[in-house]
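File shown here: structure24.csv, holding CSV, C-alpha atoms.
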chain,number,residue,atom,x,y,z
O,1,GLY,CA,0.0,0.0,0.0
O,2,THR,CA,0.9,3.7,-0.3
O,3,VAL,CA,3.2,4.9,2.5
O,4,ILE,CA,2.3,8.2,4.2
O,5,MET,CA,3.6,10.0,7.2
O,6,PHE,CA,1.8,12.7,9.2
O,7,SER,CA,1.0,13.8,12.7
O,8,PRO,CA,-1.5,11.7,14.6
O,9,LEU,CA,-3.6,14.9,15.1
O,10,VAL,CA,-4.4,14.7,11.3
O,11,LEU,CA,-6.6,11.8,12.0
O,12,LEU,CA,-8.9,14.0,14.1
O,13,ALA,CA,-9.0,16.6,11.4
O,14,LEU,CA,-9.9,14.0,8.8
O,15,CYS,CA,-12.7,12.6,11.0
O,16,THR,CA,-14.0,16.1,11.9
O,17,LEU,CA,-15.0,16.6,8.2
O,18,GLY,CA,-17.4,13.8,8.5
O,19,CYS,CA,-18.7,15.1,11.9
O,20,VAL,CA,-19.5,18.5,10.3
O,21,GLU,CA,-21.3,16.9,7.5
O,22,SER,CA,-23.5,14.7,9.7
O,23,GLY,CA,-24.1,17.3,12.3
O,24,LYS,CA,-23.2,14.9,15.1
O,25,ALA,CA,-19.9,14.1,16.7
O,26,PRO,CA,-18.5,10.7,15.5
O,27,ASN,CA,-19.0,7.5,17.4
O,28,ILE,CA,-15.7,6.1,18.6
O,29,VAL,CA,-15.3,2.3,18.7
O,30,PHE,CA,-11.9,1.5,20.2
O,31,ILE,CA,-11.1,-2.2,20.0
O,32,ILE,CA,-8.1,-3.6,22.0
O,33,ALA,CA,-6.9,-7.1,21.4
O,34,ASP,CA,-5.0,-8.7,24.3
O,35,ASP,CA,-1.4,-9.9,23.6
O,36,MET,CA,-1.8,-10.0,19.8
O,37,GLY,CA,1.7,-10.3,18.3
O,38,TRP,CA,3.0,-8.5,15.2
O,39,ASN,CA,2.8,-11.8,13.2
O,40,ASP,CA,-0.6,-12.8,14.6
O,41,ILE,CA,-2.5,-10.7,12.0
O,42,GLY,CA,-2.9,-11.8,8.4
O,43,TYR,CA,-1.7,-8.6,6.6
O,44,HIS,CA,1.7,-8.9,8.2
O,45,GLY,CA,2.2,-12.2,6.4
O,46,SER,CA,1.1,-14.4,9.2
O,47,ASP,CA,0.8,-18.2,8.9
O,48,LEU,CA,-2.7,-17.7,10.5
O,49,LYS,CA,-5.6,-15.9,8.7
O,50,THR,CA,-7.5,-12.9,9.9
O,51,PRO,CA,-9.7,-11.9,6.9
O,52,VAL,CA,-12.1,-9.7,8.8
O,53,LEU,CA,-9.3,-7.6,10.4
O,54,ASP,CA,-7.4,-7.5,7.0
O,55,GLN,CA,-10.5,-6.2,5.2
O,56,LEU,CA,-11.1,-3.4,7.8
O,57,ALA,CA,-7.4,-2.5,7.6
O,58,ARG,CA,-7.7,-2.3,3.7
O,59,GLU,CA,-10.7,0.0,4.1
O,60,GLY,CA,-8.7,2.3,6.4
O,61,LEU,CA,-5.2,3.3,7.4
O,62,ARG,CA,-2.7,0.9,8.8
O,63,LEU,CA,-0.4,2.3,11.5
O,64,GLU,CA,2.8,0.4,11.0
O,65,GLN,CA,4.8,2.0,13.8
O,66,HIS,CA,2.2,2.0,16.5
O,67,TYR,CA,3.8,1.6,19.9
O,68,THR,CA,2.4,0.7,23.3
O,69,GLN,CA,3.7,-0.1,26.7
O,70,PRO,CA,5.0,-3.7,27.2
O,71,GLU,CA,2.1,-5.0,29.3
O,72,CYS,CA,-1.7,-4.9,29.7
O,73,SER,CA,-2.5,-2.5,32.5
O,74,THR,CA,0.4,-0.1,31.6
O,75,THR,CA,-0.9,0.3,28.1
O,76,ARG,CA,-4.5,0.9,29.2
O,77,ALA,CA,-3.3,3.5,31.7
O,78,SER,CA,-1.4,5.3,29.0
O,79,LEU,CA,-4.3,5.2,26.7
O,80,LEU,CA,-6.8,6.6,29.2
O,81,THR,CA,-4.5,9.3,30.6
O,82,SER,CA,-2.2,10.1,27.6
O,83,ARG,CA,0.7,9.9,30.1
O,84,TYR,CA,3.7,7.7,30.2
O,85,ILE,CA,3.4,5.2,33.0
O,86,VAL,CA,6.3,6.6,35.0
O,87,ARG,CA,4.0,9.7,35.5
O,88,THR,CA,1.2,7.5,37.0
O,89,GLY,CA,3.5,5.3,39.1
O,90,LEU,CA,2.5,2.1,37.3
O,91,GLN,CA,5.9,1.4,35.6
O,92,ALA,CA,7.0,-1.4,37.9
O,93,ASP,CA,4.6,-4.2,36.7
O,94,VAL,CA,1.0,-5.0,35.8
O,95,ILE,CA,-1.7,-4.4,38.4
O,96,LEU,CA,-2.3,-7.7,40.2
O,97,ASN,CA,-5.4,-8.7,42.1
O,98,GLY,CA,-5.3,-7.7,45.8
O,99,GLN,CA,-2.0,-5.8,45.2
O,100,GLY,CA,-3.5,-2.4,46.2
O,101,MET,CA,-2.3,-0.7,43.0
O,102,ALA,CA,-4.6,1.3,40.7
O,103,LEU,CA,-4.6,4.1,38.2
O,104,PRO,CA,-4.4,7.2,40.5
O,105,LEU,CA,-7.7,8.8,41.3
O,106,ASN,CA,-6.3,12.3,40.6
O,107,GLU,CA,-5.9,11.4,36.9
O,108,THR,CA,-8.6,12.8,34.5
O,109,LEU,CA,-9.3,10.1,31.9
O,110,MET,CA,-10.3,10.3,28.3
O,111,SER,CA,-13.7,9.0,29.3
O,112,ASP,CA,-14.1,12.0,31.7
O,113,TYR,CA,-13.4,14.4,28.9
O,114,LEU,CA,-15.6,12.7,26.4
O,115,LYS,CA,-18.4,12.7,28.8
O,116,GLU,CA,-18.1,16.5,29.1
O,117,LEU,CA,-18.5,16.6,25.3
O,118,GLY,CA,-21.8,14.7,25.5
O,119,TYR,CA,-20.6,11.2,24.8
O,120,LYS,CA,-22.2,8.1,26.3
O,121,ASN,CA,-19.2,6.0,27.4
O,122,TYR,CA,-19.4,2.2,27.5
O,123,LEU,CA,-16.6,-0.2,28.6
O,124,VAL,CA,-17.2,-3.8,27.5
O,125,GLY,CA,-14.5,-6.3,28.5
O,126,LYS,CA,-11.3,-5.9,30.4
O,127,TRP,CA,-10.6,-3.0,32.9
O,128,HIS,CA,-7.3,-3.9,34.6
O,129,GLN,CA,-6.9,-0.4,36.2
O,130,GLY,CA,-7.5,-1.4,39.8
O,131,ALA,CA,-10.5,-2.3,41.8
O,132,ASN,CA,-9.5,-2.0,45.5
O,133,SER,CA,-12.5,0.3,46.1
O,134,TRP,CA,-15.5,1.3,44.0
O,135,ARG,CA,-13.9,4.6,43.2
O,136,GLU,CA,-11.2,2.8,41.2
O,137,THR,CA,-13.8,1.0,38.9
O,138,PRO,CA,-15.1,2.1,35.5
O,139,VAL,CA,-18.4,3.7,36.4
O,140,PHE,CA,-16.6,6.0,38.8
O,141,ARG,CA,-14.0,6.8,36.2
O,142,GLY,CA,-16.1,8.4,33.5
O,143,PHE,CA,-17.9,5.4,32.1
O,144,ASP,CA,-21.7,5.3,32.1
O,145,TYR,CA,-21.7,1.5,31.9
O,146,PHE,CA,-19.4,-1.5,32.4
O,147,TYR,CA,-19.8,-5.1,31.4
O,148,GLY,CA,-16.8,-7.3,31.8
O,149,TYR,CA,-14.0,-8.2,34.2
O,150,TYR,CA,-11.7,-6.1,36.5
O,151,GLY,CA,-8.6,-8.3,36.4
O,152,GLY,CA,-5.9,-9.0,33.9
O,153,GLN,CA,-6.7,-12.5,32.7
O,154,ILE,CA,-9.8,-14.7,32.8
O,155,HIS,CA,-11.0,-18.2,31.9
O,156,TYR,CA,-13.0,-17.9,28.7
O,157,PHE,CA,-15.7,-20.3,30.0
O,158,GLY,CA,-15.4,-20.4,33.8
O,159,HIS,CA,-15.0,-16.6,34.1
O,160,TYR,CA,-12.6,-16.7,37.0
O,161,HIS,CA,-9.1,-15.2,37.2
O,162,THR,CA,-6.8,-17.9,35.9
O,163,LYS,CA,-4.0,-16.9,38.3
O,164,PHE,CA,-5.6,-15.8,41.5
O,165,GLY,CA,-9.1,-17.4,41.2
O,166,GLY,CA,-12.4,-15.8,42.0
O,167,HIS,CA,-15.3,-15.1,39.8
O,168,ASP,CA,-14.7,-11.9,37.8
O,169,PHE,CA,-17.6,-11.2,35.4
O,170,ARG,CA,-20.0,-8.3,36.3
O,171,ARG,CA,-22.2,-5.5,35.1
O,172,ASP,CA,-21.8,-2.1,36.7
O,173,TYR,CA,-24.1,0.9,36.1
O,174,ARG,CA,-26.2,3.6,37.7
O,175,ASP,CA,-29.9,3.4,38.1
O,176,GLY,CA,-32.3,6.2,37.2
O,177,GLU,CA,-31.6,8.0,40.4
O,178,GLY,CA,-27.8,7.9,39.9
O,179,ASN,CA,-27.2,5.1,42.5
O,180,PHE,CA,-24.4,2.7,41.7
O,181,LYS,CA,-25.5,-0.9,41.0
O,182,GLN,CA,-23.6,-4.1,40.3
O,183,GLU,CA,-24.7,-7.5,39.1
O,184,ILE,CA,-22.3,-10.5,39.4
O,185,LEU,CA,-22.9,-12.5,36.3
O,186,LYS,CA,-22.5,-16.0,37.6
O,187,ASN,CA,-25.4,-17.3,35.4
O,188,GLU,CA,-23.1,-16.6,32.4
O,189,ALA,CA,-20.6,-19.3,33.6
O,190,GLY,CA,-20.1,-21.9,30.9
O,191,ASN,CA,-20.8,-19.4,28.1
O,192,TYR,CA,-17.9,-18.3,25.8
O,193,LEU,CA,-16.9,-15.0,27.3
O,194,THR,CA,-16.0,-13.3,23.9
O,195,LYS,CA,-19.5,-14.1,22.6
O,196,SER,CA,-21.1,-12.7,25.8
O,197,LEU,CA,-19.1,-9.5,25.5
O,198,THR,CA,-19.9,-9.2,21.8
O,199,ASP,CA,-23.6,-9.7,22.3
O,200,GLU,CA,-23.6,-7.0,25.0
O,201,ALA,CA,-21.7,-4.6,22.7
O,202,ILE,CA,-24.3,-5.3,20.0
O,203,ARG,CA,-27.1,-4.6,22.4
O,204,ILE,CA,-25.5,-1.2,23.3
O,205,VAL,CA,-25.1,-0.4,19.6
O,206,LYS,CA,-28.8,-1.1,19.0
O,207,GLU,CA,-29.7,1.0,22.1
O,208,GLN,CA,-27.7,3.9,20.7
O,209,GLU,CA,-29.3,3.8,17.3
O,210,ASN,CA,-31.8,6.6,17.9
O,211,SER,CA,-29.7,8.4,20.5
O,212,LYS,CA,-28.8,12.1,20.0
O,213,ASP,CA,-25.6,11.4,22.0
O,214,PRO,CA,-22.5,10.1,20.3
O,215,MET,CA,-21.0,6.8,21.7
O,216,PHE,CA,-17.6,5.9,23.0
O,217,LEU,CA,-17.4,2.1,23.0
O,218,TYR,CA,-14.2,0.8,24.6
O,219,PHE,CA,-14.3,-2.8,23.5
O,220,SER,CA,-11.5,-4.5,25.4
O,221,LEU,CA,-11.5,-8.2,24.5
O,222,PRO,CA,-9.7,-11.1,26.2
O,223,ASN,CA,-8.6,-12.6,22.9
O,224,VAL,CA,-5.8,-13.6,22.3
O,225,HIS,CA,-4.5,-13.7,25.9
O,226,SER,CA,-3.8,-17.1,27.4
O,227,PRO,CA,-5.3,-19.5,28.2
O,228,ASN,CA,-5.7,-20.4,24.6
O,229,GLN,CA,-9.4,-21.3,24.7
O,230,SER,CA,-12.1,-21.2,22.1
O,231,PRO,CA,-15.5,-23.0,21.5
O,232,LYS,CA,-15.5,-26.6,20.2
O,233,GLY,CA,-14.9,-26.6,16.4
O,234,PHE,CA,-13.2,-23.2,16.2
O,235,VAL,CA,-9.7,-24.6,15.6
O,236,ASP,CA,-10.9,-26.8,12.8
O,237,LYS,CA,-12.9,-23.9,11.4
O,238,TYR,CA,-10.1,-21.3,11.5
O,239,PHE,CA,-6.9,-23.2,11.2
O,240,PRO,CA,-5.7,-22.8,7.6
O,241,LYS,CA,-6.3,-26.1,5.6
O,242,ASP,CA,-3.0,-25.7,3.7
O,243,SER,CA,-1.0,-24.8,6.8
O,244,LYS,CA,2.3,-26.4,7.6
O,245,ILE,CA,2.2,-25.4,11.3
O,246,THR,CA,3.1,-28.2,13.6
O,247,ASN,CA,3.3,-26.3,16.8
O,248,TYR,CA,0.3,-27.4,18.9
O,249,ASP,CA,-0.1,-24.0,20.7
O,250,ARG,CA,0.1,-22.1,17.5
O,251,LYS,CA,-2.6,-24.2,16.0
O,252,LYS,CA,-4.8,-23.6,19.1
O,253,LEU,CA,-4.3,-19.9,18.7
O,254,SER,CA,-6.1,-20.0,15.3
O,255,GLY,CA,-9.3,-20.8,17.3
O,256,ASN,CA,-8.6,-17.9,19.7
O,257,LEU,CA,-8.1,-15.6,16.7
O,258,GLY,CA,-11.3,-16.9,15.2
O,259,GLY,CA,-13.2,-15.7,18.3
O,260,LEU,CA,-11.6,-12.3,17.9
O,261,GLU,CA,-12.5,-12.2,14.2
O,262,GLU,CA,-16.2,-13.1,14.9
O,263,ALA,CA,-16.5,-10.5,17.6
O,264,VAL,CA,-15.2,-7.7,15.3
O,265,LYS,CA,-17.3,-8.9,12.4
O,266,ASN,CA,-20.5,-9.1,14.4
O,267,LEU,CA,-20.0,-5.7,16.0
O,268,THR,CA,-19.3,-3.9,12.7
O,269,ASP,CA,-22.3,-5.7,11.1
O,270,ALA,CA,-24.4,-4.3,13.9
O,271,LEU,CA,-23.1,-0.8,13.4
O,272,LYS,CA,-23.9,-1.1,9.7
O,273,ALA,CA,-27.4,-2.5,10.3
O,274,SER,CA,-28.2,0.3,12.7
O,275,LYS,CA,-27.0,2.9,10.2
O,276,GLN,CA,-24.3,4.1,12.6
O,277,TRP,CA,-21.3,2.9,10.7
O,278,ASP,CA,-21.0,6.0,8.4
O,279,ASN,CA,-20.4,8.2,11.5
O,280,THR,CA,-18.2,5.8,13.4
O,281,LEU,CA,-14.4,5.9,13.7
O,282,LEU,CA,-13.1,2.4,14.5
O,283,VAL,CA,-9.7,1.9,16.0
O,284,PHE,CA,-8.0,-1.5,16.4
O,285,ILE,CA,-4.8,-2.1,18.4
O,286,SER,CA,-3.2,-4.8,20.4
O,287,ASP,CA,-2.2,-3.8,24.0
O,288,ASN,CA,1.3,-5.1,23.6
O,289,GLY,CA,3.3,-7.7,21.7
O,290,GLY,CA,2.6,-11.5,21.9
O,291,ALA,CA,3.9,-13.4,24.9
O,292,PRO,CA,7.3,-14.9,24.1
O,293,GLU,CA,8.7,-18.3,24.8
O,294,GLY,CA,9.4,-18.7,28.5
O,295,LEU,CA,6.7,-16.2,29.7
O,296,ALA,CA,3.7,-18.1,28.2
O,297,SER,CA,5.1,-20.6,25.8
O,298,TYR,CA,1.7,-22.2,25.6
O,299,ALA,CA,0.1,-19.1,24.1
O,300,GLY,CA,1.4,-19.7,20.6
O,301,HIS,CA,2.0,-16.0,19.8
O,302,SER,CA,4.5,-14.8,17.2
O,303,ASN,CA,6.1,-11.3,16.8
O,304,TYR,CA,8.3,-12.3,13.9
O,305,PRO,CA,10.4,-10.7,12.6
O,306,LEU,CA,10.6,-8.4,15.7
O,307,ARG,CA,12.7,-9.2,18.7
O,308,SER,CA,11.3,-10.7,21.9
O,309,GLY,CA,7.8,-9.9,23.1
O,310,LYS,CA,5.5,-8.9,25.9
O,311,THR,CA,7.1,-7.5,29.1
O,312,THR,CA,10.1,-6.2,27.2
O,313,LEU,CA,10.9,-2.9,25.5
O,314,PHE,CA,12.2,-4.6,22.4
O,315,GLU,CA,10.2,-4.1,19.3
O,316,GLY,CA,8.3,-7.4,19.8
O,317,GLY,CA,7.0,-6.2,23.1
O,318,VAL,CA,5.8,-2.7,22.2
O,319,ARG,CA,5.3,-2.5,18.4
O,320,VAL,CA,1.8,-3.8,17.6
O,321,PRO,CA,-0.8,-4.3,14.9
O,322,ALA,CA,-3.0,-1.2,14.6
O,323,PHE,CA,-5.3,0.5,12.1
O,324,VAL,CA,-8.1,3.0,11.8
O,325,SER,CA,-11.1,2.1,9.7
O,326,GLY,CA,-14.6,3.3,8.8
O,327,PRO,CA,-16.2,5.6,6.2
O,328,LEU,CA,-14.8,8.7,7.9
O,329,VAL,CA,-11.3,7.7,6.8
O,330,LYS,CA,-12.3,6.0,3.5
O,331,HIS,CA,-10.1,8.4,1.5
O,332,LEU,CA,-7.1,6.8,3.3
O,333,ALA,CA,-8.1,3.3,2.3
O,334,GLY,CA,-5.2,1.0,1.5
O,335,LYS,CA,-2.6,3.4,2.9
O,336,GLU,CA,0.0,2.9,5.5
O,337,ASN,CA,1.3,5.4,8.1
O,338,HIS,CA,5.0,4.8,9.0
O,339,GLY,CA,5.3,7.7,11.3
O,340,ILE,CA,5.8,6.9,15.0
O,341,PHE,CA,2.5,6.8,16.8
O,342,HIS,CA,2.3,6.0,20.5
O,343,VAL,CA,-0.7,4.8,22.5
O,344,THR,CA,-0.5,8.1,24.5
O,345,ASP,CA,-1.4,9.9,21.2
O,346,TRP,CA,-5.0,8.7,21.1
O,347,PHE,CA,-6.3,10.9,23.9
O,348,PRO,CA,-5.0,14.3,22.4
O,349,THR,CA,-6.0,13.1,18.9
O,350,TYR,CA,-9.7,12.8,20.1
O,351,MET,CA,-9.7,15.8,22.3
O,352,ASP,CA,-7.9,18.4,20.2
Represent the structure from my file as structure tokens, please.
Amino acid sequence: GTVIMFSPLVLLALCTLGCVESGKAPNIVFIIADDMGWNDIGYHGSDLKTPVLDQLAREGLRLEQHYTQPECSTTRASLLTSRYIVRTGLQADVILNGQGMALPLNETLMSDYLKELGYKNYLVGKWHQGANSWRETPVFRGFDYFYGYYGGQIHYFGHYHTKFGGHDFRRDYRDGEGNFKQEILKNEAGNYLTKSLTDEAIRIVKEQENSKDPMFLYFSLPNVHSPNQSPKGFVDKYFPKDSKITNYDRKKLSGNLGGLEEAVKNLTDALKASKQWDNTLLVFISDNGGAPEGLASYAGHSNYPLRSGKTTLFEGGVRVPAFVSGPLVKHLAGKENHGIFHVTDWFPTYMD
């Protein structure tokens, strides 16, 4: 594709044209894949296939030097605050359950600012910014609604934290009088988490169809973080028939990627069916590189040809698949941006 280089703020200017034409601020759908390696997406020449993501990337702009932090919670903190993690005190490690760490409460988040601009803010999926008190959870941090899990990793069917245990699937919201409410979703146990999250995101999209308020949907999926789980038949369905892959974990990853592909396809189909796609800016990134051998050798990720992976500051840990898509950037279809773009750039890009 054509290579172009420009400031990340140009993206906002490009989108603003569409906003003026429609008379309504654009919907922002921000999709974060978990631990997706550089070579885990089809358009980077992967041995696994991701036709849905590839097509969305072709219809938009690929960000070929998009950098993040080296781990899950650190990237999310930088995204939400537009600050490097040393500024928020989260540079030491990921936030662990019961550790007492959290994104500082004195930080104003992207969700706070978007709410001031009239956005309805929804977080569906992974939070991982601390939950030692209610004040640290999404509905107290600028989000109107949360459906997902607080911790860093989760069993795709049991919905418990795979390292520390404990059921971690919930719905947080405020009732008509502004009182905080929470439902623990134990009745969802046994269901494929990614499908449950996608169904909820689709419900939100349908609910927003006739709303006068623009939507910020932060769709933070578990895929393709370990454990490498997917519904029965997904590996057979999504593993390339002509593949020469012999690594068992890499083969299992194809099912996990299949879950990600279905989630993105079904969500974008819902946006189109509800006639909201034309005024939606879709962003897709991975939160960090794939887990390297030794950290989670069973994950099957690949960052080839980049060095190392998750938890490191080598390219394999912080340079990730990323693109912008949707009709608002259709004039950039098929192009690539090779200018450096960091996860901290998204906040000022939206807010300028």
Counting only C-alpha atoms, the option among O:Glu183, O:Lys24, O:Leu271, O:Leu260 closest to Glu207 of chain O: O:Leu271
Pick the closest to Val205 of chain O from O:Arg171, O:Arg307, O:Lys115, O:Lys120: which is it, counting only C-alpha atoms? O:Lys120
Residues within 12 Å of (-11.6, -13.7, 9.8), counting only C-alpha atoms, listed as an mmCIF file with C-alpha atoms, in the coordinates of the input:
data_model
loop_
_atom_site.group_PDB
_atom_site.id
_atom_site.type_symbol
_atom_site.label_atom_id
_atom_site.label_comp_id
_atom_site.auth_asym_id
_atom_site.auth_seq_id
_atom_site.Cartn_x
_atom_site.Cartn_y
_atom_site.Cartn_z
ATOM 1 C CA ILE O 41 -2.500 -10.700 12.000
ATOM 2 C CA GLY O 42 -2.900 -11.800 8.400
ATOM 3 C CA TYR O 43 -1.700 -8.600 6.600
ATOM 4 C CA LEU O 48 -2.700 -17.700 10.500
ATOM 5 C CA LYS O 49 -5.600 -15.900 8.700
ATOM 6 C CA THR O 50 -7.500 -12.900 9.900
ATOM 7 C CA PRO O 51 -9.700 -11.900 6.900
ATOM 8 C CA VAL O 52 -12.100 -9.700 8.800
ATOM 9 C CA LEU O 53 -9.300 -7.600 10.400
ATOM 10 C CA ASP O 54 -7.400 -7.500 7.000
ATOM 11 C CA GLN O 55 -10.500 -6.200 5.200
ATOM 12 C CA LEU O 56 -11.100 -3.400 7.800
ATOM 13 C CA PHE O 234 -13.200 -23.200 16.200
ATOM 14 C CA LYS O 237 -12.900 -23.900 11.400
ATOM 15 C CA TYR O 238 -10.100 -21.300 11.500
ATOM 16 C CA PHE O 239 -6.900 -23.200 11.200
ATOM 17 C CA PRO O 240 -5.700 -22.800 7.600
ATOM 18 C CA SER O 254 -6.100 -20.000 15.300
ATOM 19 C CA GLY O 255 -9.300 -20.800 17.300
ATOM 20 C CA ASN O 256 -8.600 -17.900 19.700
ATOM 21 C CA LEU O 257 -8.100 -15.600 16.700
ATOM 22 C CA GLY O 258 -11.300 -16.900 15.200
ATOM 23 C CA GLY O 259 -13.200 -15.700 18.300
ATOM 24 C CA LEU O 260 -11.600 -12.300 17.900
ATOM 25 C CA GLU O 261 -12.500 -12.200 14.200
ATOM 26 C CA GLU O 262 -16.200 -13.100 14.900
ATOM 27 C CA ALA O 263 -16.500 -10.500 17.600
ATOM 28 C CA VAL O 264 -15.200 -7.700 15.300
ATOM 29 C CA LYS O 265 -17.300 -8.900 12.400
ATOM 30 C CA ASN O 266 -20.500 -9.100 14.400
#
Residues around (-0.6, -1.1, 27.3), cut-off 9 Å, counting all atoms listed in the file - what are they as a ChimeraX atom specification? /O:68-79,286-288,318,343
So that I can check the surroundings of Val124 of chain O, please list as a list of chain:residue names every protein, DNA and RNA residue that reaches within 6 Å of it, counting only C-alpha atoms and ignoring chain neighbours fewer than 4 positions away.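 My list of contacting residues is O:Phe146, O:Tyr147, O:Gly148, O:Phe219.
Among the candidate residues O:Ser196, O:Ser302, O:Asn106, O:Gln65, the one lying nearest to Tyr156 of chain O is O:Ser196, with distances computed using all atoms listed in the file.
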Could you write segment 128-140 of chain O as a compact mmCIF listing (two decimals), in the frame of the given file, with N, CA and C atoms rebuilt where they are missing?
# COMPACT_ATOMS: atom_id res chain seq x y z
N HIS O 128 -8.73 -3.72 34.20
CA HIS O 128 -7.30 -3.90 34.60
C HIS O 128 -6.65 -2.57 35.00
N GLN O 129 -7.42 -1.70 35.67
CA GLN O 129 -6.90 -0.40 36.20
C GLN O 129 -7.06 -0.30 37.68
N GLY O 130 -7.30 -1.42 38.34
CA GLY O 130 -7.50 -1.40 39.80
C GLY O 130 -8.91 -1.50 40.20
N ALA O 131 -9.14 -2.18 41.34
CA ALA O 131 -10.50 -2.30 41.80
C ALA O 131 -10.46 -2.61 43.35
N ASN O 132 -9.64 -1.83 44.05
CA ASN O 132 -9.50 -2.00 45.50
C ASN O 132 -10.67 -1.30 46.23
N SER O 133 -11.28 -0.34 45.54
CA SER O 133 -12.50 0.30 46.10
C SER O 133 -13.33 0.68 44.86
N TRP O 134 -14.61 0.97 45.11
CA TRP O 134 -15.50 1.30 44.00
C TRP O 134 -14.98 2.49 43.22
N ARG O 135 -14.35 3.43 43.89
CA ARG O 135 -13.90 4.60 43.20
C ARG O 135 -12.88 4.37 42.11
N GLU O 136 -12.25 3.20 42.15
CA GLU O 136 -11.20 2.80 41.20
C GLU O 136 -11.83 2.11 39.95
N THR O 137 -13.13 1.83 39.98
CA THR O 137 -13.80 1.00 38.90
C THR O 137 -14.39 1.91 37.85
N PRO O 138 -14.70 1.34 36.69
CA PRO O 138 -15.10 2.10 35.50
C PRO O 138 -16.18 3.15 35.67
N VAL O 139 -17.27 2.77 36.34
CA VAL O 139 -18.40 3.70 36.40
C VAL O 139 -18.11 4.89 37.28
N PHE O 140 -17.03 4.84 38.06
CA PHE O 140 -16.60 6.00 38.80
C PHE O 140 -15.43 6.73 38.11
